[in-house]
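Structure first, commentary second.
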Amino acid sequence: MKAILDFLTLIDRRVIYSVLIFSIIIPLFLKPSLPTRPTQEVIGAYNAVESLKDGDVLLISTDYGPSAYPELQPVYEVVLEQAFKKNVKVLLMTHWQFQGLIVGVSGIEKIAKKLDKKYGEDYLILGFKPGAVGVMVGLSEDFRNVFPNDYYGKPIDSYPIYKDIVGDDDVLNYKDIDLLFGFEAGATGDFWVQIVQARYGVKMAFSVTAVMAPGYFPYYQAKQVVGIVGGLKGAFDYESLAKKKGLASLIMVSQIPAHTIILLFILLGNVGFIIRRIVK
Amino acid sequence: MIWDILGIWIAAFLTIAILSFIFGDNPIYKLAEHIFVGVSAGYGVVLALNQAIWPSIQMGLMPNQHFFIKFMTIIAIILGVLTLIRLEIFSYIFPSIVWLSRIPIAFVVGVGSGIAIVASIQGFIFPQVSATFLPILSPNYAIDLSSPLNFLNSFLLLIGPFVILLGVITALVYFYFSTEQRGVLLGIAKIGILIMMITFGASFGYTIMARFSLLISRFYFLLSDWLNLLK
């Protein structure tokens, strides 16, 4: 009995790690196809981008870094493809200092090259500015107050895309934005909703890391945002809606066995713990 | 091409170095950790200077700029410089003026609080409270009997608002400390604890999903981009 209890409650961590590693690696080789049933939150985000028309403006905020790459980058790239195929004008900015620019710029340059989109005509990289709340309030008046120059140091109003976007008043602000898509690994999305959506009524959707997802779902329930893509599962759903087989689809195959193994170990540990208490 | 290959090898080495923490703290892990901190800090400083500080000063002090903008830019520069007094080296050299660094901090706290308080009331509390009650006061869901799955979905949609209301009220009762919790109040508070435990469990589940996503993507990178084993 003692041996069984010891086995159940004192499993060596190296055994756990080894089993987990195999549960991750084997599906990557086998590549099973997974069924998916996208949630309403993901469908809402997808439809928000799909509903954009030629000439509409999509503001993207890449507020994440490489640590959230597997969860957010697949959605980011699909959103860019959707937007570029519809000739939507894309503005890219970040609140996440260097990390947001690394993932944001690499993603938009990759997709723009693939779809033959031109910088300054089809998309513009505004860059990074610190002070999230101040930046958001500043953008409500005129984007040039916050981003006088783009990522490459040229005045943003010197690009053709600027003239295409702004109205007769020659001022670019939230009134010109048709959709804001935030990619959030932190609380910046809360500010987007609480300041920009609440005050200026900007339509917005988010792709968020799984850690942040529970905190963002209430915004969807309260109809403050039109869609939420949560974690790798959300990214996988988003790719399946777009009929893409990207990074999320490729690595999602390992997520299910890894979760199952963790559940089994939790179950084993608890069974052992309960039996030990009964025996005592 | 050669730079791409070199980049992949460096990334692979750093990934394995970080994963080596599984065997405990070791010099390889330390090396990767220090490289990350150093590169991040250096890149961050340069980017902040290039993208934020220098362009703002340039634009604010342009000769044709309005006097008020110039004046505010100078105030911002002064506040920025005062923040630097907080650096340890200044506190050793000029200990009598360290208190000046509190002015920009007070400014940031004041402005931040002012914006955050209004934003949380206008953009969070009011919409969330109305979203808690409105679906119950004006329900627009109907039970769908066309299939078992549709029935389950429509049933969950119907009871969802009531579960949310129950969760909000019971959790609020748990944090009601103005009177001793006993009898009915204690019972409601215990339901509140249960609801919160479920919430924490869901959050923890999501956290596990996030961490595994990261781990799987690194293994995918090693097997695919580095070792080229996944065709």
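Residues are named by chain letter and number: chains run A, B, ... in the order of the structure tokens, numbers start at 1 in each chain, and ligands are numbered from 1 in the order shown.
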
Please build the interface table for chain B against chain A with a cut-off of 8 Å, listing for each qualifying residue the nearest atom pair and the distance in Å to one decimal; count only C-alpha atoms, order rows by chain and increasing number, and write it as CSV.
```
residue,atom,partner,partner_atom,distance
B:Ser40,CA,A:Phe98,CA,7.9
B:Tyr43,CA,A:Phe98,CA,6.8
B:Gly44,CA,A:Phe98,CA,5.6
B:Leu47,CA,A:Phe98,CA,6.6
B:Ala48,CA,A:Gln97,CA,7.4
B:Gln51,CA,A:Phe128,CA,6.3
B:Ala52,CA,A:Lys129,CA,5.5
B:Pro55,CA,A:Asn149,CA,7.5
B:Met59,CA,A:Pro148,CA,7.5
B:Gly112,CA,A:Val133,CA,7.8
B:Ile115,CA,A:Val133,CA,7.7
B:Ala119,CA,A:Gln194,CA,5.3
B:Ser120,CA,A:Gln194,CA,6.2
B:Gln122,CA,A:Ala198,CA,6.6
B:Gly123,CA,A:Gln194,CA,3.9
B:Phe124,CA,A:Gln194,CA,6.0
B:Pro127,CA,A:Ala222,CA,6.4
B:Gln128,CA,A:Ala222,CA,6.0
B:Ser130,CA,A:Ala222,CA,7.8
B:Ala131,CA,A:Ala222,CA,4.8
B:Thr132,CA,A:Ala222,CA,7.9
B:Ala202,CA,A:Pro214,CA,7.6
B:Ser203,CA,A:Pro214,CA,6.1
B:Phe204,CA,A:Val211,CA,7.8
B:Tyr206,CA,A:Ala210,CA,5.0
B:Thr207,CA,A:Val211,CA,4.6
B:Met209,CA,A:Ala210,CA,6.5
B:Ala210,CA,A:Ala210,CA,5.1
B:Phe212,CA,A:Gln255,CA,6.8
B:Ser213,CA,A:Pro70,CA,6.4
B:Leu214,CA,A:Pro70,CA,6.3
B:Ile216,CA,A:Ile251,CA,6.4
B:Ser217,CA,A:Pro70,CA,6.1
B:Phe219,CA,A:Ile25,CA,7.2
B:Tyr220,CA,A:Ile251,CA,7.1
B:Leu230,CA,A:Phe29,CA,6.4
```

Problem set entry | All alpha helix (DSSP H) positions in range 3-206 of chain B, as a PyMOL selection string | chain B and resi 3-19+27-47+54-60+67-84+88-93+102-120+126-137+148-174+184-206

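Using only C-alpha atoms for every distance, the candidate list A:Ser51, A:Ser249, A:Thr188, A:Asn87 yields A:Thr188 as the residue closest to Gly100 in chain A.
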
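Around Tyr176 in chain B, within 12 Å and counting only C-alpha atoms, the residues found are Ile169, Thr170, Ala171, Gln181, Arg182, Leu185, Leu186, Ile188, Ala189 and Gly192 of chain B, once anything fewer than 5 positions away on its own chain is removed.
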
Generate a file of the selected residues that holds N, CA and C atoms, formatted as a PDB file, in the first residue's frame.
```
ATOM      1  N   ILE B 169     -23.376  39.050  -7.014  1.00  0.00           N
ATOM      2  CA  ILE B 169     -23.963  39.349  -5.696  1.00  0.00           C
ATOM      3  C   ILE B 169     -23.276  38.555  -4.588  1.00  0.00           C
ATOM      4  N   THR B 170     -23.064  37.267  -4.817  1.00  0.00           N
ATOM      5  CA  THR B 170     -22.467  36.450  -3.751  1.00  0.00           C
ATOM      6  C   THR B 170     -21.012  36.854  -3.481  1.00  0.00           C
ATOM      7  N   ALA B 171     -20.279  37.207  -4.546  1.00  0.00           N
ATOM      8  CA  ALA B 171     -18.886  37.646  -4.336  1.00  0.00           C
ATOM      9  C   ALA B 171     -18.861  38.980  -3.599  1.00  0.00           C
ATOM     10  N   GLN B 181     -20.385  37.962   9.545  1.00  0.00           N
ATOM     11  CA  GLN B 181     -21.001  37.059   8.576  1.00  0.00           C
ATOM     12  C   GLN B 181     -21.456  35.787   9.271  1.00  0.00           C
ATOM     13  N   ARG B 182     -22.766  35.660   9.437  1.00  0.00           N
ATOM     14  CA  ARG B 182     -23.327  34.417   9.987  1.00  0.00           C
ATOM     15  C   ARG B 182     -24.733  34.227   9.434  1.00  0.00           C
ATOM     16  N   LEU B 185     -26.238  35.304   5.623  1.00  0.00           N
ATOM     17  CA  LEU B 185     -25.117  36.068   5.047  1.00  0.00           C
ATOM     18  C   LEU B 185     -23.895  35.164   4.842  1.00  0.00           C
ATOM     19  N   LEU B 186     -23.649  34.300   5.827  1.00  0.00           N
ATOM     20  CA  LEU B 186     -22.496  33.383   5.734  1.00  0.00           C
ATOM     21  C   LEU B 186     -22.699  32.387   4.585  1.00  0.00           C
ATOM     22  N   ILE B 188     -24.492  32.820   1.874  1.00  0.00           N
ATOM     23  CA  ILE B 188     -24.312  33.518   0.583  1.00  0.00           C
ATOM     24  C   ILE B 188     -22.821  33.759   0.330  1.00  0.00           C
ATOM     25  N   ALA B 189     -22.099  34.148   1.406  1.00  0.00           N
ATOM     26  CA  ALA B 189     -20.659  34.411   1.262  1.00  0.00           C
ATOM     27  C   ALA B 189     -19.919  33.144   0.838  1.00  0.00           C
ATOM     28  N   GLY B 192     -20.255  32.706  -2.654  1.00  0.00           N
ATOM     29  CA  GLY B 192     -19.320  33.671  -3.270  1.00  0.00           C
ATOM     30  C   GLY B 192     -17.916  33.110  -3.365  1.00  0.00           C
TER      31      GLY B 192
END
```

Asn153 in chain B surroundings by only C-alpha atoms, 10 Å radius, close-in-sequence under 6 positions cut, as a PDB file with N, CA, C and O atoms, in the first residue's frame:
```pdb
ATOM      1  N   ILE B 143     -35.392  29.063 -26.177  1.00  0.00           N
ATOM      2  CA  ILE B 143     -34.878  27.687 -26.192  1.00  0.00           C
ATOM      3  C   ILE B 143     -35.009  27.119 -27.604  1.00  0.00           C
ATOM      4  O   ILE B 143     -36.088  27.173 -28.204  1.00  0.00           O
ATOM      5  N   ASP B 144     -33.906  26.570 -28.103  1.00  0.00           N
ATOM      6  CA  ASP B 144     -33.875  25.980 -29.450  1.00  0.00           C
ATOM      7  C   ASP B 144     -33.939  24.465 -29.312  1.00  0.00           C
ATOM      8  O   ASP B 144     -33.025  23.848 -28.759  1.00  0.00           O
ATOM      9  N   SER B 147     -31.989  20.565 -32.093  1.00  0.00           N
ATOM     10  CA  SER B 147     -31.042  19.462 -31.862  1.00  0.00           C
ATOM     11  C   SER B 147     -30.563  19.525 -30.410  1.00  0.00           C
ATOM     12  O   SER B 147     -30.666  20.581 -29.777  1.00  0.00           O
TER      13      SER B 147
END
```

Exercise. If you measure from CA of Gly60 in chain B to CA of Val171 in chain A, what distance in Å do you get, rounded to one decimal?
Worked result: 18.4 Å

Exercise. Near Met1 in chain A, counting only C-alpha atoms, which residues have an atom at most 10 Å away, once you skip same-chain residues fewer than 2 positions from it, shown as a VMD selection string?
Worked result: chain A and resid 3 to 7 275 to 276 279

How would the residues just chosen look if you wrote them out with N, CA, C and O atoms as a CSV table (one decimal), in the first residue's frame?
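Full text of selection.csv as output:
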```csv
chain,number,residue,atom,x,y,z
A,3,ALA,N,3.9,1.5,-1.1
A,3,ALA,CA,4.5,1.7,-2.4
A,3,ALA,C,3.6,2.4,-3.4
A,3,ALA,O,4.0,3.3,-4.1
A,4,ILE,N,2.3,2.0,-3.3
A,4,ILE,CA,1.3,2.6,-4.3
A,4,ILE,C,1.2,4.1,-3.9
A,4,ILE,O,1.2,5.0,-4.8
A,5,LEU,N,1.0,4.4,-2.6
A,5,LEU,CA,0.9,5.8,-2.2
A,5,LEU,C,2.1,6.6,-2.6
A,5,LEU,O,1.9,7.7,-3.1
A,6,ASP,N,3.3,6.0,-2.4
A,6,ASP,CA,4.5,6.8,-2.8
A,6,ASP,C,4.5,7.0,-4.3
A,6,ASP,O,4.9,8.1,-4.7
A,7,PHE,N,4.1,6.0,-5.0
A,7,PHE,CA,4.1,6.2,-6.5
A,7,PHE,C,3.1,7.3,-6.9
A,7,PHE,O,3.5,8.1,-7.7
A,275,ILE,N,-6.3,9.1,-0.5
A,275,ILE,CA,-6.1,7.7,0.1
A,275,ILE,C,-5.2,7.8,1.4
A,275,ILE,O,-5.5,7.2,2.4
A,276,ARG,N,-4.1,8.6,1.3
A,276,ARG,CA,-3.2,8.8,2.4
A,276,ARG,C,-4.0,9.3,3.6
A,276,ARG,O,-3.8,8.9,4.7
A,279,VAL,N,-6.2,6.5,5.0
A,279,VAL,CA,-5.4,5.5,5.7
A,279,VAL,C,-5.0,6.0,7.1
A,279,VAL,O,-5.0,5.2,8.0
```

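The gap separating CA of Leu139 in chain A from CA of Asp168 in chain A is 17.9 Å, in Å to one decimal.
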
Exercise. Could you name the residues that touch Ile125 in chain A at 9 Å or less, counting only C-alpha atoms, but leaving out those on the same chain fewer than 2 positions away, as a list of chain:residue names?
Worked result: A:Val90, A:Leu91, A:Leu92, A:Met93, A:Gly104, A:Val105, A:Ile108, A:Tyr119, A:Gly120, A:Tyr123, A:Gly127, A:Asp150, A:Tyr151, A:Tyr152

Problem set entry | Polymer residues at most 10 Å from Arg102 in chain B, only C-alpha atoms, same-chain spacing of 5 or more positions, as a list in words | Leu79, Leu82, Thr83, Ile85, Arg86, Phe107 and Val108 of chain B

For this session: Would you mind telling me which residue in B:Ser56, B:Thr15, B:Ser20, B:Ser146 lies nearest to Phe36 in chain B when using only C-alpha atoms?
Result: B:Thr15

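Distance check against Val166 in chain A using only C-alpha atoms: of A:Lys89, A:Lys154, A:Lys118, A:Lys203, the minimum falls on A:Lys89.
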
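What separates CA of Val75 in chain A from CA of Phe236 in chain A is a distance of 8.4 Å.
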
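Among B:Pro104, B:Gly110, B:Pro95, B:Gly187, the residue with the shortest atom-to-atom distance to Gly80 in chain B, counting only C-alpha atoms, is B:Pro104.
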